[in-house]
file data-v7.cif (mmCIF, N, CA and C atoms)
data_coords
loop_
_atom_site.group_PDB
_atom_site.id
_atom_site.type_symbol
_atom_site.label_atom_id
_atom_site.label_comp_id
_atom_site.auth_asym_id
_atom_site.auth_seq_id
_atom_site.Cartn_x
_atom_site.Cartn_y
_atom_site.Cartn_z
ATOM 1 N N MET A 1 0.833 -1.179 0.000
ATOM 2 C CA MET A 1 0.000 0.000 0.000
ATOM 3 C C MET A 1 0.877 1.240 0.000
ATOM 4 N N SER A 2 0.351 2.254 -0.591
ATOM 5 C CA SER A 2 1.106 3.495 -0.689
ATOM 6 C C SER A 2 0.780 4.424 0.479
ATOM 7 N N THR A 3 1.609 5.440 0.581
ATOM 8 C CA THR A 3 1.379 6.451 1.617
ATOM 9 C C THR A 3 0.061 7.173 1.366
ATOM 10 N N GLU A 4 -0.261 7.352 0.101
ATOM 11 C CA GLU A 4 -1.516 8.012 -0.263
ATOM 12 C C GLU A 4 -2.718 7.212 0.249
ATOM 13 N N MET A 5 -2.637 5.887 0.111
ATOM 14 C CA MET A 5 -3.718 5.021 0.584
ATOM 15 C C MET A 5 -3.859 5.128 2.105
ATOM 16 N N TYR A 6 -2.735 5.115 2.815
ATOM 17 C CA TYR A 6 -2.774 5.267 4.274
ATOM 18 C C TYR A 6 -3.405 6.594 4.674
ATOM 19 N N GLN A 7 -3.084 7.634 3.953
ATOM 20 C CA GLN A 7 -3.656 8.938 4.262
ATOM 21 C C GLN A 7 -5.173 8.947 4.052
ATOM 22 N N ARG A 8 -5.639 8.290 2.970
ATOM 23 C CA ARG A 8 -7.087 8.191 2.739
ATOM 24 C C ARG A 8 -7.762 7.413 3.861
ATOM 25 N N MET A 9 -7.107 6.338 4.305
ATOM 26 C CA MET A 9 -7.687 5.529 5.387
ATOM 27 C C MET A 9 -7.738 6.327 6.691
ATOM 28 N N LYS A 10 -6.674 7.048 6.999
ATOM 29 C CA LYS A 10 -6.642 7.831 8.232
ATOM 30 C C LYS A 10 -7.644 8.977 8.210
ATOM 31 N N ALA A 11 -7.950 9.493 7.016
ATOM 32 C CA ALA A 11 -8.906 10.594 6.901
ATOM 33 C C ALA A 11 -10.355 10.118 6.959
ATOM 34 N N ASN A 12 -10.578 8.832 6.807
ATOM 35 C CA ASN A 12 -11.924 8.268 6.824
ATOM 36 C C ASN A 12 -12.525 8.413 8.228
ATOM 37 N N PRO A 13 -13.740 8.954 8.344
ATOM 38 C CA PRO A 13 -14.379 9.080 9.669
ATOM 39 C C PRO A 13 -14.577 7.727 10.362
ATOM 40 N N LYS A 14 -14.733 6.672 9.585
ATOM 41 C CA LYS A 14 -14.876 5.343 10.188
ATOM 42 C C LYS A 14 -13.593 4.921 10.889
ATOM 43 N N PHE A 15 -12.449 5.344 10.343
ATOM 44 C CA PHE A 15 -11.170 5.035 10.984
ATOM 45 C C PHE A 15 -11.076 5.736 12.335
ATOM 46 N N GLN A 16 -11.476 6.990 12.377
ATOM 47 C CA GLN A 16 -11.460 7.734 13.637
ATOM 48 C C GLN A 16 -12.390 7.071 14.655
ATOM 49 N N ASP A 17 -13.542 6.606 14.169
ATOM 50 C CA ASP A 17 -14.495 5.909 15.042
ATOM 51 C C ASP A 17 -13.895 4.596 15.548
ATOM 52 N N LEU A 18 -13.236 3.855 14.667
ATOM 53 C CA LEU A 18 -12.606 2.592 15.057
ATOM 54 C C LEU A 18 -11.549 2.821 16.131
ATOM 55 N N VAL A 19 -10.690 3.794 15.923
ATOM 56 C CA VAL A 19 -9.630 4.076 16.893
ATOM 57 C C VAL A 19 -10.231 4.480 18.236
ATOM 58 N N ALA A 20 -11.239 5.336 18.213
ATOM 59 C CA ALA A 20 -11.853 5.798 19.466
ATOM 60 C C ALA A 20 -12.540 4.650 20.207
ATOM 61 N N ARG A 21 -13.315 3.838 19.483
ATOM 62 C CA ARG A 21 -14.036 2.742 20.143
ATOM 63 C C ARG A 21 -13.090 1.679 20.683
ATOM 64 N N ARG A 22 -12.088 1.340 19.884
ATOM 65 C CA ARG A 22 -11.136 0.315 20.321
ATOM 66 C C ARG A 22 -10.327 0.806 21.516
ATOM 67 N N SER A 23 -9.914 2.050 21.498
ATOM 68 C CA SER A 23 -9.149 2.607 22.622
ATOM 69 C C SER A 23 -9.993 2.672 23.888
ATOM 70 N N ARG A 24 -11.224 3.135 23.748
ATOM 71 C CA ARG A 24 -12.114 3.228 24.911
ATOM 72 C C ARG A 24 -12.354 1.854 25.523
ATOM 73 N N PHE A 25 -12.584 0.856 24.679
ATOM 74 C CA PHE A 25 -12.823 -0.500 25.163
ATOM 75 C C PHE A 25 -11.573 -1.072 25.842
ATOM 76 N N ALA A 26 -10.422 -0.890 25.212
ATOM 77 C CA ALA A 26 -9.172 -1.409 25.779
ATOM 78 C C ALA A 26 -8.850 -0.736 27.108
ATOM 79 N N TRP A 27 -9.034 0.570 27.198
ATOM 80 C CA TRP A 27 -8.762 1.274 28.461
ATOM 81 C C TRP A 27 -9.745 0.860 29.551
ATOM 82 N N THR A 28 -10.992 0.599 29.189
ATOM 83 C CA THR A 28 -11.968 0.134 30.176
ATOM 84 C C THR A 28 -11.547 -1.217 30.749
ATOM 85 N N LEU A 29 -11.164 -2.140 29.867
ATOM 86 C CA LEU A 29 -10.723 -3.447 30.343
ATOM 87 C C LEU A 29 -9.441 -3.330 31.165
ATOM 88 N N ALA A 30 -8.534 -2.487 30.735
ATOM 89 C CA ALA A 30 -7.285 -2.297 31.484
ATOM 90 C C ALA A 30 -7.563 -1.728 32.867
ATOM 91 N N PHE A 31 -8.488 -0.789 32.968
ATOM 92 C CA PHE A 31 -8.836 -0.217 34.266
ATOM 93 C C PHE A 31 -9.429 -1.283 35.187
ATOM 94 N N ILE A 32 -10.298 -2.129 34.648
ATOM 95 C CA ILE A 32 -10.902 -3.198 35.454
ATOM 96 C C ILE A 32 -9.816 -4.129 35.995
ATOM 97 N N VAL A 33 -8.900 -4.546 35.119
ATOM 98 C CA VAL A 33 -7.838 -5.462 35.534
ATOM 99 C C VAL A 33 -6.943 -4.811 36.589
ATOM 100 N N LEU A 34 -6.537 -3.576 36.345
ATOM 101 C CA LEU A 34 -5.653 -2.888 37.299
ATOM 102 C C LEU A 34 -6.348 -2.655 38.638
ATOM 103 N N ALA A 35 -7.620 -2.283 38.600
ATOM 104 C CA ALA A 35 -8.346 -2.060 39.848
ATOM 105 C C ALA A 35 -8.452 -3.348 40.660
ATOM 106 N N MET A 36 -8.746 -4.449 39.995
ATOM 107 C CA MET A 36 -8.842 -5.719 40.711
ATOM 108 C C MET A 36 -7.483 -6.148 41.258
ATOM 109 N N PHE A 37 -6.457 -6.061 40.422
ATOM 110 C CA PHE A 37 -5.133 -6.505 40.842
ATOM 111 C C PHE A 37 -4.608 -5.654 41.997
ATOM 112 N N TYR A 38 -4.664 -4.339 41.847
ATOM 113 C CA TYR A 38 -4.140 -3.489 42.914
ATOM 114 C C TYR A 38 -5.044 -3.479 44.134
ATOM 115 N N GLY A 39 -6.327 -3.727 43.945
ATOM 116 C CA GLY A 39 -7.214 -3.901 45.093
ATOM 117 C C GLY A 39 -6.791 -5.103 45.915
ATOM 118 N N PHE A 40 -6.452 -6.183 45.228
ATOM 119 C CA PHE A 40 -5.976 -7.384 45.919
ATOM 120 C C PHE A 40 -4.661 -7.099 46.641
ATOM 121 N N VAL A 41 -3.756 -6.384 45.972
ATOM 122 C CA VAL A 41 -2.469 -6.042 46.590
ATOM 123 C C VAL A 41 -2.688 -5.174 47.832
ATOM 124 N N LEU A 42 -3.637 -4.252 47.778
ATOM 125 C CA LEU A 42 -3.929 -3.413 48.946
ATOM 126 C C LEU A 42 -4.485 -4.237 50.103
ATOM 127 N N VAL A 43 -5.316 -5.216 49.795
ATOM 128 C CA VAL A 43 -5.817 -6.095 50.859
ATOM 129 C C VAL A 43 -4.660 -6.882 51.466
ATOM 130 N N VAL A 44 -3.757 -7.366 50.628
ATOM 131 C CA VAL A 44 -2.581 -8.087 51.128
ATOM 132 C C VAL A 44 -1.759 -7.178 52.039
ATOM 133 N N ALA A 45 -1.632 -5.924 51.656
ATOM 134 C CA ALA A 45 -0.799 -4.992 52.419
ATOM 135 C C ALA A 45 -1.449 -4.564 53.730
ATOM 136 N N PHE A 46 -2.761 -4.315 53.718
ATOM 137 C CA PHE A 46 -3.396 -3.720 54.886
ATOM 138 C C PHE A 46 -4.275 -4.652 55.709
ATOM 139 N N ASN A 47 -4.640 -5.803 55.152
ATOM 140 C CA ASN A 47 -5.471 -6.740 55.909
ATOM 141 C C ASN A 47 -5.142 -8.175 55.497
ATOM 142 N N PRO A 48 -3.902 -8.585 55.665
ATOM 143 C CA PRO A 48 -3.501 -9.914 55.176
ATOM 144 C C PRO A 48 -4.181 -11.065 55.904
ATOM 145 N N THR A 49 -4.587 -10.859 57.152
ATOM 146 C CA THR A 49 -5.212 -11.962 57.889
ATOM 147 C C THR A 49 -6.556 -12.361 57.282
ATOM 148 N N SER A 50 -7.246 -11.411 56.645
ATOM 149 C CA SER A 50 -8.535 -11.752 56.035
ATOM 150 C C SER A 50 -8.367 -12.744 54.888
ATOM 151 N N LEU A 51 -7.239 -12.670 54.206
ATOM 152 C CA LEU A 51 -7.006 -13.579 53.085
ATOM 153 C C LEU A 51 -6.608 -14.974 53.541
ATOM 154 N N GLY A 52 -6.156 -15.104 54.754
ATOM 155 C CA GLY A 52 -5.740 -16.407 55.278
ATOM 156 C C GLY A 52 -6.864 -17.195 55.898
ATOM 157 N N GLN A 53 -8.049 -16.629 55.975
ATOM 158 C CA GLN A 53 -9.200 -17.316 56.561
ATOM 159 C C GLN A 53 -9.712 -18.397 55.605
ATOM 160 N N PRO A 54 -10.115 -19.537 56.127
ATOM 161 C CA PRO A 54 -10.695 -20.566 55.249
ATOM 162 C C PRO A 54 -12.031 -20.094 54.687
ATOM 163 N N ILE A 55 -12.375 -20.545 53.485
ATOM 164 C CA ILE A 55 -13.639 -20.105 52.881
ATOM 165 C C ILE A 55 -14.846 -20.771 53.534
ATOM 166 N N ALA A 56 -14.624 -21.911 54.169
ATOM 167 C CA ALA A 56 -15.686 -22.596 54.909
ATOM 168 C C ALA A 56 -15.041 -23.331 56.075
ATOM 169 N N GLU A 57 -15.837 -23.657 57.046
ATOM 170 C CA GLU A 57 -15.346 -24.373 58.226
ATOM 171 C C GLU A 57 -14.717 -25.697 57.807
ATOM 172 N N GLY A 58 -13.479 -25.901 58.171
ATOM 173 C CA GLY A 58 -12.781 -27.141 57.871
ATOM 174 C C GLY A 58 -12.192 -27.208 56.459
ATOM 175 N N SER A 59 -12.332 -26.153 55.688
ATOM 176 C CA SER A 59 -11.809 -26.143 54.322
ATOM 177 C C SER A 59 -10.322 -25.802 54.316
ATOM 178 N N ARG A 60 -9.601 -26.377 53.386
ATOM 179 C CA ARG A 60 -8.192 -26.036 53.225
ATOM 180 C C ARG A 60 -8.019 -24.821 52.310
ATOM 181 N N TRP A 61 -9.053 -24.495 51.582
ATOM 182 C CA TRP A 61 -9.012 -23.339 50.683
ATOM 183 C C TRP A 61 -9.182 -22.060 51.478
ATOM 184 N N THR A 62 -8.298 -21.108 51.226
ATOM 185 C CA THR A 62 -8.401 -19.825 51.923
ATOM 186 C C THR A 62 -9.071 -18.796 51.016
ATOM 187 N N VAL A 63 -9.491 -17.711 51.642
ATOM 188 C CA VAL A 63 -10.112 -16.617 50.892
ATOM 189 C C VAL A 63 -9.132 -16.070 49.856
ATOM 190 N N GLY A 64 -7.869 -15.919 50.225
ATOM 191 C CA GLY A 64 -6.867 -15.372 49.308
ATOM 192 C C GLY A 64 -6.635 -16.238 48.091
ATOM 193 N N VAL A 65 -6.484 -17.538 48.300
ATOM 194 C CA VAL A 65 -6.263 -18.456 47.175
ATOM 195 C C VAL A 65 -7.486 -18.480 46.272
ATOM 196 N N THR A 66 -8.659 -18.511 46.854
ATOM 197 C CA THR A 66 -9.896 -18.528 46.073
ATOM 198 C C THR A 66 -10.062 -17.237 45.281
ATOM 199 N N ALA A 67 -9.808 -16.109 45.926
ATOM 200 C CA ALA A 67 -9.923 -14.820 45.239
ATOM 201 C C ALA A 67 -8.935 -14.729 44.082
ATOM 202 N N GLU A 68 -7.723 -15.159 44.306
ATOM 203 C CA GLU A 68 -6.702 -15.106 43.259
ATOM 204 C C GLU A 68 -7.051 -16.028 42.099
ATOM 205 N N LEU A 69 -7.573 -17.208 42.403
ATOM 206 C CA LEU A 69 -7.996 -18.129 41.348
ATOM 207 C C LEU A 69 -9.140 -17.534 40.538
ATOM 208 N N LEU A 70 -10.103 -16.936 41.210
ATOM 209 C CA LEU A 70 -11.226 -16.307 40.507
ATOM 210 C C LEU A 70 -10.762 -15.117 39.667
ATOM 211 N N MET A 71 -9.806 -14.357 40.188
ATOM 212 C CA MET A 71 -9.261 -13.241 39.403
ATOM 213 C C MET A 71 -8.562 -13.759 38.152
ATOM 214 N N PHE A 72 -7.793 -14.809 38.295
ATOM 215 C CA PHE A 72 -7.088 -15.398 37.159
ATOM 216 C C PHE A 72 -8.089 -15.825 36.077
ATOM 217 N N ILE A 73 -9.148 -16.496 36.478
ATOM 218 C CA ILE A 73 -10.181 -16.930 35.534
ATOM 219 C C ILE A 73 -10.871 -15.722 34.908
ATOM 220 N N PHE A 74 -11.175 -14.718 35.727
ATOM 221 C CA PHE A 74 -11.847 -13.519 35.236
ATOM 222 C C PHE A 74 -10.979 -12.791 34.208
ATOM 223 N N PHE A 75 -9.668 -12.740 34.426
ATOM 224 C CA PHE A 75 -8.778 -12.079 33.470
ATOM 225 C C PHE A 75 -8.775 -12.813 32.132
ATOM 226 N N TRP A 76 -8.834 -14.142 32.163
ATOM 227 C CA TRP A 76 -8.920 -14.910 30.925
ATOM 228 C C TRP A 76 -10.259 -14.640 30.223
ATOM 229 N N VAL A 77 -11.322 -14.512 30.993
ATOM 230 C CA VAL A 77 -12.632 -14.198 30.401
ATOM 231 C C VAL A 77 -12.597 -12.824 29.740
ATOM 232 N N LEU A 78 -11.990 -11.848 30.412
ATOM 233 C CA LEU A 78 -11.876 -10.516 29.820
ATOM 234 C C LEU A 78 -11.066 -10.554 28.525
ATOM 235 N N THR A 79 -10.022 -11.364 28.508
ATOM 236 C CA THR A 79 -9.228 -11.511 27.284
ATOM 237 C C THR A 79 -10.086 -12.099 26.165
ATOM 238 N N ALA A 80 -10.890 -13.098 26.480
ATOM 239 C CA ALA A 80 -11.779 -13.708 25.485
ATOM 240 C C ALA A 80 -12.812 -12.700 24.982
ATOM 241 N N VAL A 81 -13.330 -11.863 25.873
ATOM 242 C CA VAL A 81 -14.284 -10.826 25.474
ATOM 243 C C VAL A 81 -13.622 -9.860 24.499
ATOM 244 N N TYR A 82 -12.396 -9.445 24.808
ATOM 245 C CA TYR A 82 -11.695 -8.527 23.920
ATOM 246 C C TYR A 82 -11.439 -9.181 22.552
ATOM 247 N N VAL A 83 -10.992 -10.426 22.545
ATOM 248 C CA VAL A 83 -10.697 -11.111 21.289
ATOM 249 C C VAL A 83 -11.965 -11.262 20.458
ATOM 250 N N LYS A 84 -13.065 -11.615 21.089
ATOM 251 C CA LYS A 84 -14.326 -11.775 20.360
ATOM 252 C C LYS A 84 -14.754 -10.453 19.732
ATOM 253 N N ARG A 85 -14.693 -9.388 20.505
ATOM 254 C CA ARG A 85 -15.097 -8.082 19.970
ATOM 255 C C ARG A 85 -14.134 -7.617 18.880
ATOM 256 N N ALA A 86 -12.842 -7.868 19.067
ATOM 257 C CA ALA A 86 -11.858 -7.474 18.056
ATOM 258 C C ALA A 86 -12.069 -8.247 16.760
ATOM 259 N N ASN A 87 -12.380 -9.537 16.872
ATOM 260 C CA ASN A 87 -12.554 -10.365 15.676
ATOM 261 C C ASN A 87 -13.880 -10.135 14.978
ATOM 262 N N THR A 88 -14.838 -9.540 15.633
ATOM 263 C CA THR A 88 -16.135 -9.299 14.989
ATOM 264 C C THR A 88 -16.287 -7.820 14.652
ATOM 265 N N GLU A 89 -16.559 -7.023 15.642
ATOM 266 C CA GLU A 89 -16.868 -5.612 15.427
ATOM 267 C C GLU A 89 -15.689 -4.820 14.855
ATOM 268 N N PHE A 90 -14.522 -4.920 15.484
ATOM 269 C CA PHE A 90 -13.389 -4.109 15.056
ATOM 270 C C PHE A 90 -12.851 -4.553 13.701
ATOM 271 N N ASP A 91 -12.770 -5.854 13.465
ATOM 272 C CA ASP A 91 -12.279 -6.338 12.173
ATOM 273 C C ASP A 91 -13.236 -5.999 11.042
ATOM 274 N N ALA A 92 -14.541 -6.066 11.306
ATOM 275 C CA ALA A 92 -15.519 -5.719 10.269
ATOM 276 C C ALA A 92 -15.375 -4.246 9.879
ATOM 277 N N LEU A 93 -15.232 -3.389 10.866
ATOM 278 C CA LEU A 93 -15.056 -1.965 10.592
ATOM 279 C C LEU A 93 -13.734 -1.718 9.865
ATOM 280 N N ASN A 94 -12.713 -2.433 10.246
ATOM 281 C CA ASN A 94 -11.411 -2.318 9.595
ATOM 282 C C ASN A 94 -11.513 -2.714 8.115
ATOM 283 N N GLN A 95 -12.225 -3.792 7.826
ATOM 284 C CA GLN A 95 -12.388 -4.226 6.435
ATOM 285 C C GLN A 95 -13.167 -3.199 5.615
ATOM 286 N N GLU A 96 -14.163 -2.562 6.218
ATOM 287 C CA GLU A 96 -14.909 -1.507 5.522
ATOM 288 C C GLU A 96 -13.986 -0.353 5.155
ATOM 289 N N ILE A 97 -13.138 0.030 6.073
ATOM 290 C CA ILE A 97 -12.215 1.136 5.838
ATOM 291 C C ILE A 97 -11.260 0.806 4.698
ATOM 292 N N ILE A 98 -10.746 -0.415 4.681
ATOM 293 C CA ILE A 98 -9.826 -0.829 3.622
ATOM 294 C C ILE A 98 -10.536 -0.860 2.272
ATOM 295 N N LYS A 99 -11.757 -1.400 2.237
ATOM 296 C CA LYS A 99 -12.508 -1.453 0.979
ATOM 297 C C LYS A 99 -12.782 -0.058 0.443
ATOM 298 N N GLU A 100 -13.155 0.862 1.331
ATOM 299 C CA GLU A 100 -13.415 2.234 0.899
ATOM 300 C C GLU A 100 -12.151 2.901 0.381
ATOM 301 N N ALA A 101 -11.021 2.613 0.994
ATOM 302 C CA ALA A 101 -9.758 3.203 0.549
ATOM 303 C C ALA A 101 -9.392 2.675 -0.845
ATOM 304 N N TRP A 102 -9.617 1.375 -1.084
ATOM 305 C CA TRP A 102 -9.346 0.812 -2.410
ATOM 306 C C TRP A 102 -10.320 1.349 -3.444
ATOM 307 N N LYS A 103 -11.585 1.522 -3.030
ATOM 308 C CA LYS A 103 -12.603 2.037 -3.954
ATOM 309 C C LYS A 103 -12.267 3.475 -4.360
ATOM 310 N N ASP A 104 -11.802 4.269 -3.406
ATOM 311 C CA ASP A 104 -11.444 5.655 -3.694
ATOM 312 C C ASP A 104 -10.225 5.755 -4.599
ATOM 313 N N LYS A 105 -9.395 4.730 -4.588
ATOM 314 C CA LYS A 105 -8.177 4.740 -5.399
ATOM 315 C C LYS A 105 -8.508 4.612 -6.883
ATOM 316 N N LYS A 106 -9.553 3.880 -7.154
ATOM 317 C CA LYS A 106 -9.926 3.606 -8.566
ATOM 318 C C LYS A 106 -10.538 4.772 -9.248
#
call {"tool": "encode", "arguments": {"input": "data-v7.cif", "output": "structure tokens"}}
result
Amino acid sequence: MSTEMYQRMKANPKFQDLVARRSRFAWTLAFIVLAMFYGFVLVVAFNPTSLGQPIAEGSRWTVGVTAELLMFIFFWVLTAVYVKRANTEFDALNQEIIKEAWKDKK
């Protein structure tokens, strides 16, 4: 592709919309992950005994291990959500932008 084609794509309002939507979505997911992770770190720092409590009477599983396992699973789910949205909504919009840029070239 030529520089001219890139310029046409960047000038397309759909491209601006794609960049804004993808950035907003990525920052939202990043904020969720950081808030959960640093929230857990703050609990470790200021109330570590709460994480050492068993989740049920006689259980070997502690609140901390369970919370960390659930966070790990949740982070994988968030990754799957991002991949699904990227492969459907964002890729479809990206293909429209490319088609319009090629159409304008002709």
call {"tool": "closest_residue", "arguments": {"input": "data-v7.cif", "among": "A:Ile97, A:Thr28, A:Lys103, A:Ser59", "to": "Met9 (chain A)", "atoms": "only N, CA and C atoms"}}
result
A:Ile97
call {"tool": "resolve_selection", "arguments": {"input": "data-v7.cif", "expression": "the PyMOL selection byres (((chain A and resi 68 and name CA) around 12) and name CA)", "output": "PDB file with N, CA and C atoms, in the frame of the given file"}}
result
ATOM      1  N   MET A  36      -8.746  -4.449  39.995  1.00  0.00           N
ATOM      2  CA  MET A  36      -8.842  -5.719  40.711  1.00  0.00           C
ATOM      3  C   MET A  36      -7.483  -6.148  41.258  1.00  0.00           C
ATOM      4  N   PHE A  37      -6.457  -6.061  40.422  1.00  0.00           N
ATOM      5  CA  PHE A  37      -5.133  -6.505  40.842  1.00  0.00           C
ATOM      6  C   PHE A  37      -4.608  -5.654  41.997  1.00  0.00           C
ATOM      7  N   TYR A  38      -4.664  -4.339  41.847  1.00  0.00           N
ATOM      8  CA  TYR A  38      -4.140  -3.489  42.914  1.00  0.00           C
ATOM      9  C   TYR A  38      -5.044  -3.479  44.134  1.00  0.00           C
ATOM     10  N   GLY A  39      -6.327  -3.727  43.945  1.00  0.00           N
ATOM     11  CA  GLY A  39      -7.214  -3.901  45.093  1.00  0.00           C
ATOM     12  C   GLY A  39      -6.791  -5.103  45.915  1.00  0.00           C
ATOM     13  N   PHE A  40      -6.452  -6.183  45.228  1.00  0.00           N
ATOM     14  CA  PHE A  40      -5.976  -7.384  45.919  1.00  0.00           C
ATOM     15  C   PHE A  40      -4.661  -7.099  46.641  1.00  0.00           C
ATOM     16  N   VAL A  41      -3.756  -6.384  45.972  1.00  0.00           N
ATOM     17  CA  VAL A  41      -2.469  -6.042  46.590  1.00  0.00           C
ATOM     18  C   VAL A  41      -2.688  -5.174  47.832  1.00  0.00           C
ATOM     19  N   VAL A  43      -5.316  -5.216  49.795  1.00  0.00           N
ATOM     20  CA  VAL A  43      -5.817  -6.095  50.859  1.00  0.00           C
ATOM     21  C   VAL A  43      -4.660  -6.882  51.466  1.00  0.00           C
ATOM     22  N   VAL A  44      -3.757  -7.366  50.628  1.00  0.00           N
ATOM     23  CA  VAL A  44      -2.581  -8.087  51.128  1.00  0.00           C
ATOM     24  C   VAL A  44      -1.759  -7.178  52.039  1.00  0.00           C
ATOM     25  N   LEU A  51      -7.239 -12.670  54.206  1.00  0.00           N
ATOM     26  CA  LEU A  51      -7.006 -13.579  53.085  1.00  0.00           C
ATOM     27  C   LEU A  51      -6.608 -14.974  53.541  1.00  0.00           C
ATOM     28  N   TRP A  61      -9.053 -24.495  51.582  1.00  0.00           N
ATOM     29  CA  TRP A  61      -9.012 -23.339  50.683  1.00  0.00           C
ATOM     30  C   TRP A  61      -9.182 -22.060  51.478  1.00  0.00           C
ATOM     31  N   THR A  62      -8.298 -21.108  51.226  1.00  0.00           N
ATOM     32  CA  THR A  62      -8.401 -19.825  51.923  1.00  0.00           C
ATOM     33  C   THR A  62      -9.071 -18.796  51.016  1.00  0.00           C
ATOM     34  N   VAL A  63      -9.491 -17.711  51.642  1.00  0.00           N
ATOM     35  CA  VAL A  63     -10.112 -16.617  50.892  1.00  0.00           C
ATOM     36  C   VAL A  63      -9.132 -16.070  49.856  1.00  0.00           C
ATOM     37  N   GLY A  64      -7.869 -15.919  50.225  1.00  0.00           N
ATOM     38  CA  GLY A  64      -6.867 -15.372  49.308  1.00  0.00           C
ATOM     39  C   GLY A  64      -6.635 -16.238  48.091  1.00  0.00           C
ATOM     40  N   VAL A  65      -6.484 -17.538  48.300  1.00  0.00           N
ATOM     41  CA  VAL A  65      -6.263 -18.456  47.175  1.00  0.00           C
ATOM     42  C   VAL A  65      -7.486 -18.480  46.272  1.00  0.00           C
ATOM     43  N   THR A  66      -8.659 -18.511  46.854  1.00  0.00           N
ATOM     44  CA  THR A  66      -9.896 -18.528  46.073  1.00  0.00           C
ATOM     45  C   THR A  66     -10.062 -17.237  45.281  1.00  0.00           C
ATOM     46  N   ALA A  67      -9.808 -16.109  45.926  1.00  0.00           N
ATOM     47  CA  ALA A  67      -9.923 -14.820  45.239  1.00  0.00           C
ATOM     48  C   ALA A  67      -8.935 -14.729  44.082  1.00  0.00           C
ATOM     49  N   LEU A  69      -7.573 -17.208  42.403  1.00  0.00           N
ATOM     50  CA  LEU A  69      -7.996 -18.129  41.348  1.00  0.00           C
ATOM     51  C   LEU A  69      -9.140 -17.534  40.538  1.00  0.00           C
ATOM     52  N   LEU A  70     -10.103 -16.936  41.210  1.00  0.00           N
ATOM     53  CA  LEU A  70     -11.226 -16.307  40.507  1.00  0.00           C
ATOM     54  C   LEU A  70     -10.762 -15.117  39.667  1.00  0.00           C
ATOM     55  N   MET A  71      -9.806 -14.357  40.188  1.00  0.00           N
ATOM     56  CA  MET A  71      -9.261 -13.241  39.403  1.00  0.00           C
ATOM     57  C   MET A  71      -8.562 -13.759  38.152  1.00  0.00           C
ATOM     58  N   PHE A  72      -7.793 -14.809  38.295  1.00  0.00           N
ATOM     59  CA  PHE A  72      -7.088 -15.398  37.159  1.00  0.00           C
ATOM     60  C   PHE A  72      -8.089 -15.825  36.077  1.00  0.00           C
ATOM     61  N   ILE A  73      -9.148 -16.496  36.478  1.00  0.00           N
ATOM     62  CA  ILE A  73     -10.181 -16.930  35.534  1.00  0.00           C
ATOM     63  C   ILE A  73     -10.871 -15.722  34.908  1.00  0.00           C
ATOM     64  N   PHE A  74     -11.175 -14.718  35.727  1.00  0.00           N
ATOM     65  CA  PHE A  74     -11.847 -13.519  35.236  1.00  0.00           C
ATOM     66  C   PHE A  74     -10.979 -12.791  34.208  1.00  0.00           C
ATOM     67  N   PHE A  75      -9.668 -12.740  34.426  1.00  0.00           N
ATOM     68  CA  PHE A  75      -8.778 -12.079  33.470  1.00  0.00           C
ATOM     69  C   PHE A  75      -8.775 -12.813  32.132  1.00  0.00           C
TER      70      PHE A  75
END
call {"tool": "closest_residue", "arguments": {"input": "data-v7.cif", "among": "A:Phe46, A:Phe31, A:Trp102, A:Phe25", "to": "Tyr82 (chain A)", "atoms": "all atoms listed in the file"}}
result
A:Phe25
call {"tool": "atom_distance", "arguments": {"input": "data-v7.cif", "atom1": "CA of Arg8 (chain A)", "atom2": "atom N of Leu29 (chain A)"}}
result
29.3 Å
call {"tool": "atom_distance", "arguments": {"input": "data-v7.cif", "atom1": "CA of Gln95 (chain A)", "atom2": "atom C of Trp27 (chain A)"}}
result
23.8 Å
call {"tool": "atom_distance", "arguments": {"input": "data-v7.cif", "atom1": "atom C of Ser23 (chain A)", "atom2": "CA of Thr79 (chain A)"}}
result
14.6 Å
call {"tool": "select_by_dssp", "arguments": {"input": "data-v7.cif", "residues": "chain A", "states": "helix (DSSP H, G or I)", "output": "MDAnalysis selection string"}}
result
chainID A and resid 3:11 13:46 48:51 63:105
call {"tool": "closest_residue", "arguments": {"input": "data-v7.cif", "among": "A:Ala45, A:Leu34, A:Leu78, A:Val19", "to": "Phe90 (chain A)", "atoms": "only C-alpha atoms"}}
result
A:Val19
call {"tool": "axis_aligned_box", "arguments": {"input": "data-v7.cif", "around": "region 3-10 of chain A", "padding_each_side": "8 Å", "output": "JSON"}}
result
{"center_x": -3.1, "center_y": 7.0, "center_z": 4.0, "size_x": 25.4, "size_y": 20.0, "size_z": 24.5}
call {"tool": "decode", "arguments": {"input": "data-v7.cif", "residues": "region 2-8 of chain A", "atoms": "N, CA and C atoms", "output": "PDB file, in the first residue's frame"}}
result
ATOM      1  N   SER A   2       0.351   2.254  -0.591  1.00  0.00           N
ATOM      2  CA  SER A   2       1.106   3.495  -0.689  1.00  0.00           C
ATOM      3  C   SER A   2       0.780   4.424   0.479  1.00  0.00           C
ATOM      4  N   THR A   3       1.609   5.440   0.581  1.00  0.00           N
ATOM      5  CA  THR A   3       1.379   6.451   1.617  1.00  0.00           C
ATOM      6  C   THR A   3       0.061   7.173   1.366  1.00  0.00           C
ATOM      7  N   GLU A   4      -0.261   7.352   0.101  1.00  0.00           N
ATOM      8  CA  GLU A   4      -1.516   8.012  -0.263  1.00  0.00           C
ATOM      9  C   GLU A   4      -2.718   7.212   0.249  1.00  0.00           C
ATOM     10  N   MET A   5      -2.637   5.887   0.111  1.00  0.00           N
ATOM     11  CA  MET A   5      -3.718   5.021   0.584  1.00  0.00           C
ATOM     12  C   MET A   5      -3.859   5.128   2.105  1.00  0.00           C
ATOM     13  N   TYR A   6      -2.735   5.115   2.815  1.00  0.00           N
ATOM     14  CA  TYR A   6      -2.774   5.267   4.274  1.00  0.00           C
ATOM     15  C   TYR A   6      -3.405   6.594   4.674  1.00  0.00           C
ATOM     16  N   GLN A   7      -3.084   7.634   3.953  1.00  0.00           N
ATOM     17  CA  GLN A   7      -3.656   8.938   4.262  1.00  0.00           C
ATOM     18  C   GLN A   7      -5.173   8.947   4.052  1.00  0.00           C
ATOM     19  N   ARG A   8      -5.639   8.290   2.970  1.00  0.00           N
ATOM     20  CA  ARG A   8      -7.087   8.191   2.739  1.00  0.00           C
ATOM     21  C   ARG A   8      -7.762   7.413   3.861  1.00  0.00           C
TER      22      ARG A   8
END
